[in-house]
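S.K.: The following file, input26.cif, comprises mmCIF, C-alpha atoms:
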```cif
data_coords
loop_
_atom_site.label_atom_id
_atom_site.label_comp_id
_atom_site.auth_asym_id
_atom_site.auth_seq_id
_atom_site.Cartn_x
_atom_site.Cartn_y
_atom_site.Cartn_z
CA MET X 1 204.34 253.98 57.73
CA THR X 2 201.83 255.13 60.33
CA GLU X 3 198.29 255.64 59.07
CA ASN X 4 196.06 258.42 60.29
CA VAL X 5 193.06 256.12 60.35
CA ILE X 6 192.38 252.52 59.39
CA ILE X 7 188.79 251.50 58.62
CA LEU X 8 187.82 247.86 59.13
CA GLY X 9 184.92 246.86 56.90
CA SER X 10 183.56 247.85 53.49
CA GLY X 11 179.80 247.98 53.96
CA PRO X 12 177.75 251.21 54.06
CA ALA X 13 179.25 252.22 57.42
CA GLY X 14 182.88 251.66 56.44
CA LEU X 15 182.58 253.26 53.01
CA SER X 16 180.69 256.29 54.33
CA ALA X 17 183.40 256.75 56.95
CA ALA X 18 186.01 256.44 54.21
CA ILE X 19 184.33 259.08 52.04
CA TYR X 20 184.28 261.60 54.87
CA ALA X 21 187.74 260.77 56.21
CA SER X 22 189.33 261.00 52.77
CA ARG X 23 187.60 264.31 51.98
CA GLU X 24 189.08 265.64 55.21
CA GLY X 25 192.53 264.77 53.85
CA PHE X 26 193.31 261.97 56.30
CA ASP X 27 194.20 259.49 53.53
CA PRO X 28 192.40 256.52 55.17
CA LEU X 29 193.31 252.89 54.64
CA LEU X 30 190.30 250.57 54.38
CA ILE X 31 190.61 246.81 54.86
CA SER X 32 187.66 245.22 53.11
CA GLY X 33 187.18 242.08 55.23
CA PRO X 34 185.77 238.68 54.24
CA ALA X 35 182.63 240.08 52.54
CA PRO X 36 183.53 243.18 50.48
CA GLY X 37 180.51 245.44 50.23
CA GLY X 38 178.75 243.87 53.21
CA GLN X 39 175.26 242.37 53.31
CA LEU X 40 173.89 244.67 50.60
CA THR X 41 175.81 242.68 48.01
CA LEU X 42 173.38 239.82 48.76
CA THR X 43 170.30 241.90 47.98
CA THR X 44 168.62 242.76 44.70
CA VAL X 45 166.73 246.07 44.43
CA VAL X 46 167.23 248.52 47.33
CA GLU X 47 164.25 250.89 47.41
CA ASN X 48 164.68 252.56 50.80
CA TYR X 49 168.14 254.13 50.46
CA PRO X 50 167.72 257.91 50.03
CA GLY X 51 168.49 259.44 46.66
CA PHE X 52 167.38 256.66 44.32
CA ALA X 53 163.79 257.32 43.24
CA ASP X 54 163.57 254.11 41.22
CA GLY X 55 165.69 252.01 43.57
CA ILE X 56 169.15 250.62 42.95
CA MET X 57 170.66 247.14 42.96
CA GLY X 58 172.51 246.42 46.22
CA PRO X 59 175.85 245.49 44.60
CA GLU X 60 175.67 248.58 42.37
CA LEU X 61 175.08 250.85 45.37
CA MET X 62 178.12 249.44 47.15
CA GLU X 63 180.28 249.73 44.02
CA ASN X 64 179.26 253.38 43.65
CA MET X 65 180.14 254.08 47.29
CA ARG X 66 183.51 252.45 46.84
CA LYS X 67 184.27 254.48 43.70
CA GLN X 68 183.32 257.64 45.57
CA ALA X 69 185.68 256.79 48.43
CA GLU X 70 188.48 255.98 45.96
CA ARG X 71 187.94 259.29 44.16
CA PHE X 72 188.72 261.18 47.37
CA GLY X 73 191.83 259.14 48.08
CA THR X 74 190.82 256.12 50.16
CA ARG X 75 193.24 253.23 49.73
CA PHE X 76 191.90 249.66 49.82
CA ILE X 77 193.36 246.35 50.93
CA GLU X 78 191.37 243.25 49.95
CA GLY X 79 192.13 241.16 52.98
CA ILE X 80 190.94 239.78 56.30
CA VAL X 81 192.14 241.19 59.61
CA THR X 82 193.56 238.41 61.76
CA LYS X 83 194.50 240.35 64.91
CA VAL X 84 194.23 243.83 66.42
CA GLU X 85 195.97 245.58 69.31
CA LEU X 86 193.87 248.54 70.37
CA GLU X 87 195.43 249.69 73.63
CA GLY X 88 198.06 252.41 73.60
CA LYS X 89 198.47 255.52 71.51
CA MET X 90 199.33 253.57 68.36
CA LYS X 91 196.81 250.95 67.20
CA LYS X 92 198.02 247.84 65.41
CA VAL X 93 196.14 245.86 62.78
CA TYR X 94 197.40 242.61 61.29
CA VAL X 95 196.43 241.09 57.97
CA GLY X 96 198.13 237.73 58.20
CA GLU X 97 201.73 238.54 59.15
CA GLU X 98 201.60 242.08 57.77
CA GLU X 99 201.33 244.81 60.41
CA PHE X 100 199.67 248.21 59.96
CA ASP X 101 199.88 251.00 62.54
CA ALA X 102 197.35 253.78 62.93
CA LYS X 103 196.56 256.73 65.16
CA ALA X 104 192.84 255.90 64.98
CA ILE X 105 190.66 252.97 63.98
CA ILE X 106 187.04 252.82 62.84
CA ILE X 107 185.51 249.39 63.36
CA ALA X 108 182.75 248.80 60.80
CA THR X 109 182.87 245.02 60.56
CA GLY X 110 179.08 244.70 60.55
CA ALA X 111 176.98 241.71 61.49
CA SER X 112 176.24 238.43 59.75
CA THR X 113 172.79 236.92 59.34
CA ARG X 114 172.15 233.58 61.01
CA TRP X 115 170.90 231.52 58.09
CA LEU X 116 169.12 228.18 58.19
CA GLY X 117 172.14 226.38 56.76
CA ILE X 118 170.37 224.45 54.01
CA ASP X 119 171.72 224.34 50.44
CA SER X 120 168.53 225.60 48.76
CA GLU X 121 168.57 228.70 50.94
CA LYS X 122 171.72 230.10 49.29
CA LYS X 123 170.23 229.56 45.83
CA PHE X 124 167.27 231.84 46.56
CA ILE X 125 168.82 234.69 48.56
CA GLY X 126 167.50 237.78 46.81
CA LYS X 127 165.04 235.62 44.84
CA GLY X 128 162.44 235.11 47.53
CA VAL X 129 164.67 234.47 50.55
CA SER X 130 165.40 237.48 52.77
CA SER X 131 166.68 238.27 56.24
CA CYS X 132 165.28 241.82 56.34
CA ALA X 133 161.52 242.26 56.48
CA THR X 134 161.71 246.05 56.76
CA CYS X 135 163.82 246.11 53.60
CA ASP X 136 161.96 243.63 51.42
CA ALA X 137 158.35 243.40 52.63
CA PRO X 138 156.99 245.73 49.89
CA PHE X 139 158.15 243.21 47.26
CA PHE X 140 155.66 240.70 48.69
CA LYS X 141 152.47 242.71 48.49
CA ASN X 142 149.45 240.36 48.42
CA LYS X 143 151.74 237.31 48.43
CA ARG X 144 152.17 234.38 50.81
CA VAL X 145 155.24 234.40 53.02
CA VAL X 146 156.73 232.39 55.86
CA VAL X 147 158.86 233.66 58.73
CA VAL X 148 161.30 231.31 60.43
CA GLY X 149 162.01 232.01 64.10
CA GLY X 150 160.43 232.43 67.51
CA GLY X 151 162.11 235.43 69.11
CA ASP X 152 161.19 239.10 69.19
CA THR X 153 162.73 239.69 65.76
CA ALA X 154 160.50 237.04 64.22
CA MET X 155 157.45 238.56 65.93
CA GLU X 156 158.32 242.08 64.74
CA ASP X 157 159.00 240.87 61.20
CA SER X 158 155.74 238.92 61.07
CA LEU X 159 153.66 241.85 62.25
CA PHE X 160 155.37 244.18 59.80
CA LEU X 161 154.82 241.76 56.92
CA THR X 162 151.05 241.67 57.56
CA LYS X 163 150.92 245.24 56.20
CA PHE X 164 151.91 243.90 52.78
CA ALA X 165 151.55 240.12 52.47
CA ALA X 166 148.27 238.29 51.93
CA SER X 167 149.23 235.79 54.63
CA VAL X 168 152.11 235.21 57.03
CA THR X 169 153.01 231.79 58.44
CA ILE X 170 155.54 231.45 61.25
CA ILE X 171 157.52 228.21 61.34
CA HIS X 172 159.05 227.54 64.76
CA ARG X 173 161.05 224.60 66.07
CA ARG X 174 159.40 224.63 69.51
CA ASP X 175 155.88 224.59 70.92
CA GLU X 176 156.11 228.12 72.31
CA PHE X 177 157.81 231.36 71.33
CA ARG X 178 161.00 232.67 72.93
CA ALA X 179 159.74 236.19 72.35
CA SER X 180 158.37 238.44 75.06
CA LYS X 181 154.80 237.64 76.12
CA ALA X 182 153.56 241.00 74.84
CA MET X 183 155.02 240.44 71.37
CA ALA X 184 153.81 236.83 71.21
CA LYS X 185 150.30 237.92 72.22
CA LYS X 186 150.14 240.45 69.38
CA VAL X 187 151.20 237.81 66.87
CA LEU X 188 148.82 235.12 68.10
CA GLU X 189 145.89 237.55 68.02
CA ASN X 190 146.59 238.70 64.45
CA SER X 191 144.19 237.06 62.01
CA LYS X 192 146.68 237.24 59.11
CA ILE X 193 149.30 235.18 60.97
CA ASN X 194 149.31 231.39 61.24
CA VAL X 195 151.85 229.37 63.28
CA ILE X 196 153.29 225.94 62.51
CA TRP X 197 154.82 224.63 65.73
CA ASN X 198 157.56 222.04 66.32
CA SER X 199 158.71 222.28 62.73
CA LYS X 200 161.60 223.28 60.51
CA ILE X 201 162.20 223.94 56.82
CA ASP X 202 164.01 221.09 55.10
CA GLU X 203 164.10 222.62 51.65
CA ILE X 204 163.13 225.81 49.82
CA LEU X 205 161.49 225.03 46.49
CA GLY X 206 161.39 226.86 43.18
CA GLU X 207 163.03 227.45 39.83
CA ALA X 208 163.96 231.07 39.13
CA LYS X 209 162.39 232.17 42.42
CA VAL X 210 160.79 230.67 45.53
CA ASN X 211 157.44 228.97 45.07
CA GLY X 212 157.24 226.68 48.09
CA VAL X 213 158.87 225.07 51.12
CA LYS X 214 159.20 221.53 52.41
CA ILE X 215 158.40 221.47 56.14
CA ARG X 216 159.25 218.68 58.59
CA ASN X 217 157.59 218.16 61.96
CA ILE X 218 160.37 217.56 64.48
CA ASN X 219 158.24 215.33 66.72
CA THR X 220 156.58 213.10 64.13
CA ASP X 221 159.12 213.39 61.27
CA GLU X 222 156.18 213.99 58.93
CA ALA X 223 157.09 216.08 55.85
CA THR X 224 154.68 218.36 54.01
CA GLN X 225 154.97 220.89 51.20
CA MET X 226 153.53 224.38 51.35
CA PRO X 227 153.16 226.77 48.39
CA ILE X 228 154.54 230.22 49.29
CA ASP X 229 156.25 233.16 47.58
CA GLY X 230 158.82 234.25 50.14
CA VAL X 231 160.88 233.07 53.11
CA PHE X 232 162.03 235.50 55.80
CA VAL X 233 164.75 234.14 58.06
CA ALA X 234 164.51 235.76 61.50
CA ILE X 235 166.71 233.67 63.77
CA GLY X 236 169.08 236.48 64.65
CA ASN X 237 172.30 238.21 63.63
CA MET X 238 175.87 237.69 64.77
CA PRO X 239 177.91 240.88 65.17
CA ASN X 240 181.38 240.37 63.73
CA THR X 241 183.22 241.07 66.96
CA ASP X 242 185.37 238.00 67.61
CA LEU X 243 188.52 240.03 67.00
CA PHE X 244 187.65 242.46 69.78
CA LYS X 245 186.32 240.19 72.53
CA ASN X 246 189.18 240.66 74.97
CA GLN X 247 189.79 244.31 74.16
CA LEU X 248 186.43 246.06 73.89
CA GLU X 249 183.36 245.76 76.08
CA LEU X 250 180.57 243.79 74.40
CA ASP X 251 176.93 243.43 75.39
CA ASP X 252 175.25 240.08 76.05
CA ALA X 253 174.58 239.59 72.32
CA GLY X 254 178.16 240.40 71.31
CA TYR X 255 177.61 243.95 70.02
CA ILE X 256 180.25 246.57 70.87
CA LYS X 257 179.14 248.89 73.66
CA THR X 258 179.43 252.55 72.74
CA ASN X 259 179.18 256.07 74.11
CA GLU X 260 177.56 258.76 71.94
CA GLU X 261 176.86 256.02 69.37
CA VAL X 262 180.39 255.79 67.89
CA LEU X 263 182.84 256.13 70.79
CA THR X 264 184.35 253.16 72.62
CA ALA X 265 186.03 253.02 76.01
CA ILE X 266 189.43 253.10 74.27
CA GLU X 267 190.64 256.47 73.04
CA GLY X 268 191.18 256.50 69.29
CA VAL X 269 188.91 253.51 68.62
CA PHE X 270 185.55 254.27 67.01
CA VAL X 271 182.72 252.09 65.73
CA ALA X 272 180.07 252.41 63.04
CA GLY X 273 177.17 250.39 61.70
CA ASP X 274 175.70 247.02 62.60
CA VAL X 275 178.68 245.92 64.70
CA ALA X 276 177.22 248.13 67.44
CA ASP X 277 173.59 248.46 66.30
CA ARG X 278 171.27 245.74 67.53
CA ILE X 279 168.10 247.71 66.81
CA PHE X 280 167.87 249.44 63.41
CA LYS X 281 170.22 247.46 61.12
CA GLN X 282 169.53 249.54 58.01
CA ALA X 283 171.94 250.63 55.29
CA ALA X 284 171.00 254.28 55.78
CA THR X 285 171.53 254.22 59.55
CA ALA X 286 174.84 252.38 59.08
CA ALA X 287 175.98 255.03 56.58
CA GLY X 288 174.97 257.77 59.00
CA SER X 289 176.96 256.27 61.85
CA GLY X 290 179.95 255.92 59.51
CA VAL X 291 179.77 259.66 58.88
CA LYS X 292 179.58 260.34 62.64
CA ALA X 293 182.58 258.10 63.28
CA ALA X 294 184.65 259.90 60.63
CA LEU X 295 183.76 263.30 62.09
CA LYS X 296 184.76 262.09 65.55
CA VAL X 297 188.05 260.84 64.09
CA ARG X 298 188.62 264.31 62.63
CA GLU X 299 188.05 265.83 66.05
CA TYR X 300 190.36 263.28 67.69
CA LEU X 301 193.20 263.67 65.18
CA ASN X 302 192.99 267.46 65.19
CA GLU X 303 193.35 267.44 68.95
#
```
Show the structure stored in the file as structure tokens.
M.R.:
Amino acid sequence: MTENVIILGSGPAGLSAAIYASREGFDPLLISGPAPGGQLTLTTVVENYPGFADGIMGPELMENMRKQAERFGTRFIEGIVTKVELEGKMKKVYVGEEEFDAKAIIIATGASTRWLGIDSEKKFIGKGVSSCATCDAPFFKNKRVVVVGGGDTAMEDSLFLTKFAASVTIIHRRDEFRASKAMAKKVLENSKINVIWNSKIDEILGEAKVNGVKIRNINTDEATQMPIDGVFVAIGNMPNTDLFKNQLELDDAGYIKTNEEVLTAIEGVFVAGDVADRIFKQAATAAGSGVKAALKVREYLNE
């Protein structure tokens, strides 16, 4: 059986594309990937997604989007894509040894947060540990937070957090930032931001939620504890593009290069969401690009 369109990924971008493609009558097949629902399933209350005046839990939002896609006829496979062949008129997608053919593909595989890799971090994701300052900063009004990182993302997150938090402390492994000089200057001149150099977090402390961190100086090996209310990890994201490295053009950070936001250099291959977005990385912008991708698929298939 040849599919009209196969959608890779089940986050806001993939599910929004599925809703539109199925309403158009294209009977899309969606392959969920290794993290069904995407990064929103790791969050608690989502307050900045339009349409929910009192907010909505991240997993509930994704479940609702999935049900909506199913209602219009989207079919789901709970599996991980192991190989793709994008060249040629017919696109091929493999889940293990099983092959699926399609006239068009929407790649919405998203991006993965680079976490610290310590056991206590996983325990507190959504309970004081976050990777999205623009999403979660309002939850930390008048509280003490730390930001881990030294690049532009860490600088931007720290400056944004000063609008809400009582204090912001940056913990960085080196003795200078990797960020641009302009961004670093803004941070260092901000009276609400403190910097702990040459240090890393060994452990995140707390019971039901974060209440402190254990910090270790890399040069002296001295360990100290610091009472805080939130940890923002800002050491980067990894676009989930390993499958496409030798077939699609990627930028220096691994994001898929696009034309008109959702078009790739290969006819019939479209992208949506964080897999190509290295700037905004919001659920609403991902959903919007999923809609655009589906509408471009409609145009492509009708032609």
S.K.: Could you check which residues have any atom within 6 Å of (170.1, 242.7, 43.0), counting only C-alpha atoms with coordinates taken straight from the file, and then list them as a list in words?
M.R.: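 Within the cut-off we find Thr43, Thr44, Val45, Met57 and Gly58 of chain X.
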S.K.: List the residues selected by the PyMOL selection byres ((chain X and resi 265) around 12) in the file shown, writing them as number ranges by chain.
M.R.: X: 86-87, 247-250, 256-264, 266-271
S.K.: Would you export the selected residues with C-alpha atoms as a CSV table (one decimal), in the coordinates of the input, please?
M.R.:
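Now in result34.csv:
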```csv
chain,number,residue,atom,x,y,z
X,86,LEU,CA,193.9,248.5,70.4
X,87,GLU,CA,195.4,249.7,73.6
X,247,GLN,CA,189.8,244.3,74.2
X,248,LEU,CA,186.4,246.1,73.9
X,249,GLU,CA,183.4,245.8,76.1
X,250,LEU,CA,180.6,243.8,74.4
X,256,ILE,CA,180.2,246.6,70.9
X,257,LYS,CA,179.1,248.9,73.7
X,258,THR,CA,179.4,252.6,72.7
X,259,ASN,CA,179.2,256.1,74.1
X,260,GLU,CA,177.6,258.8,71.9
X,261,GLU,CA,176.9,256.0,69.4
X,262,VAL,CA,180.4,255.8,67.9
X,263,LEU,CA,182.8,256.1,70.8
X,264,THR,CA,184.4,253.2,72.6
X,266,ILE,CA,189.4,253.1,74.3
X,267,GLU,CA,190.6,256.5,73.0
X,268,GLY,CA,191.2,256.5,69.3
X,269,VAL,CA,188.9,253.5,68.6
X,270,PHE,CA,185.6,254.3,67.0
X,271,VAL,CA,182.7,252.1,65.7
```
S.K.: So what does the PyMOL selection byres ((chain X and resi 206) around 12) actually pick up in this one, as a ChimeraX atom specification?
M.R.: /X:120-121,123-124,127-129,203-205,207-214,225-231
S.K.: Would you save the residues from that selection as a tab-separated table (two decimals), in the frame of the given file, using C-alpha atoms?
M.R.:
```tsv
chain	number	residue	atom	x	y	z
X	120	SER	CA	168.53	225.60	48.76
X	121	GLU	CA	168.57	228.70	50.94
X	123	LYS	CA	170.23	229.56	45.83
X	124	PHE	CA	167.27	231.84	46.56
X	127	LYS	CA	165.04	235.62	44.84
X	128	GLY	CA	162.44	235.11	47.53
X	129	VAL	CA	164.67	234.47	50.55
X	203	GLU	CA	164.10	222.62	51.65
X	204	ILE	CA	163.13	225.81	49.82
X	205	LEU	CA	161.49	225.03	46.49
X	207	GLU	CA	163.03	227.45	39.83
X	208	ALA	CA	163.96	231.07	39.13
X	209	LYS	CA	162.39	232.17	42.42
X	210	VAL	CA	160.79	230.67	45.53
X	211	ASN	CA	157.44	228.97	45.07
X	212	GLY	CA	157.24	226.68	48.09
X	213	VAL	CA	158.87	225.07	51.12
X	214	LYS	CA	159.20	221.53	52.41
X	225	GLN	CA	154.97	220.89	51.20
X	226	MET	CA	153.53	224.38	51.35
X	227	PRO	CA	153.16	226.77	48.39
X	228	ILE	CA	154.54	230.22	49.29
X	229	ASP	CA	156.25	233.16	47.58
X	230	GLY	CA	158.82	234.25	50.14
X	231	VAL	CA	160.88	233.07	53.11
```
S.K.: Residues at most 6 Å from Gly151 of chain X, counting only C-alpha atoms, excluding those fewer than 3 positions away in the same chain, as a list in words?
M.R.: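 Skipping anything fewer than 3 positions along the chain leaves Ala154, Arg178 and Ala179 of chain X.
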S.K.: Can you work out which one of X:Gly51, X:Gly73, X:Gly149, X:Pro59 has the shortest atom-to-atom distance to Phe26 of chain X, counting all atoms listed in the file?
M.R.: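 That would be X:Gly73, the residue with the smallest distance to Phe26 of chain X.
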S.K.: Could you give me, as a ChimeraX atom specification, the residues within 8 Å of Phe160 of chain X, counting only C-alpha atoms and dropping anything in the same chain fewer than 2 positions from it?
M.R.: /X:133-134,137,156-158,162-164
S.K.: Go ahead and save the picked residues with C-alpha atoms, as a short mmCIF file (atom, residue, chain, number, x, y, z; two decimals), in the frame of the given file.
M.R.:
```cif
data_model
loop_
_atom_site.label_atom_id
_atom_site.label_comp_id
_atom_site.auth_asym_id
_atom_site.auth_seq_id
_atom_site.Cartn_x
_atom_site.Cartn_y
_atom_site.Cartn_z
CA ALA X 133 161.52 242.26 56.48
CA THR X 134 161.71 246.05 56.76
CA ALA X 137 158.35 243.40 52.63
CA GLU X 156 158.32 242.08 64.74
CA ASP X 157 159.00 240.87 61.20
CA SER X 158 155.74 238.92 61.07
CA THR X 162 151.05 241.67 57.56
CA LYS X 163 150.92 245.24 56.20
CA PHE X 164 151.91 243.90 52.78
#
```
S.K.: Please identify every residue of segment 75-164 of chain X that has at least one atom no farther than 8 Å from an atom of segment 28-34 of chain X, counting all atoms listed in the file, and for each give the shortest atom pair and the distance in Å to one decimal, arranged by chain then increasing number, as CSV.
M.R.:
```
residue,atom,partner,partner_atom,distance
X:Arg75,CA,X:Leu29,CA,4.9
X:Phe76,CA,X:Leu30,CA,4.9
X:Ile77,CA,X:Ile31,CA,4.8
X:Glu78,CA,X:Ser32,CA,5.3
X:Gly79,CA,X:Gly33,CA,5.5
X:Ile80,CA,X:Gly33,CA,4.5
X:Val81,CA,X:Gly33,CA,6.7
X:Thr109,CA,X:Gly33,CA,7.5
```
S.K.: Taking the point (191.6, 259.8, 47.9) as given in the file, collect each protein or nucleic acid residue that comes within 9 Å of it, counting only C-alpha atoms, and present the set as an MDAnalysis selection string.
M.R.: chainID X and resid 19 22:23 25:28 68:75
S.K.: Just to confirm, what's the straight-line distance from atom CA of Tyr300 of chain X to atom CA of Gly96 of chain X in Å (one decimal)?
M.R.: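 These two atoms are separated by 28.3 Å.
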S.K.: Run the PyMOL selection byres ((chain X and resi 41) around 12) against the file shown and list the residues it catches, as a ChimeraX atom specification.
M.R.: /X:10-12,35-40,42-46,56-63,125-126,283
S.K.: Counting all atoms listed in the file, which residue out of X:Leu301, X:Arg144, X:Met1, X:Gly288 sits closest to Glu99 of chain X?
M.R.: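 Once distances to Glu99 of chain X are computed over all atoms listed in the file, the minimum belongs to X:Met1.
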S.K.: Can you tell me how far atom CA of Trp197 of chain X sits from atom CA of Gly150 of chain X, in Å to one decimal?
M.R.: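 Pair atom CA of Trp197 of chain X / atom CA of Gly150 of chain X returns 9.8 Å.
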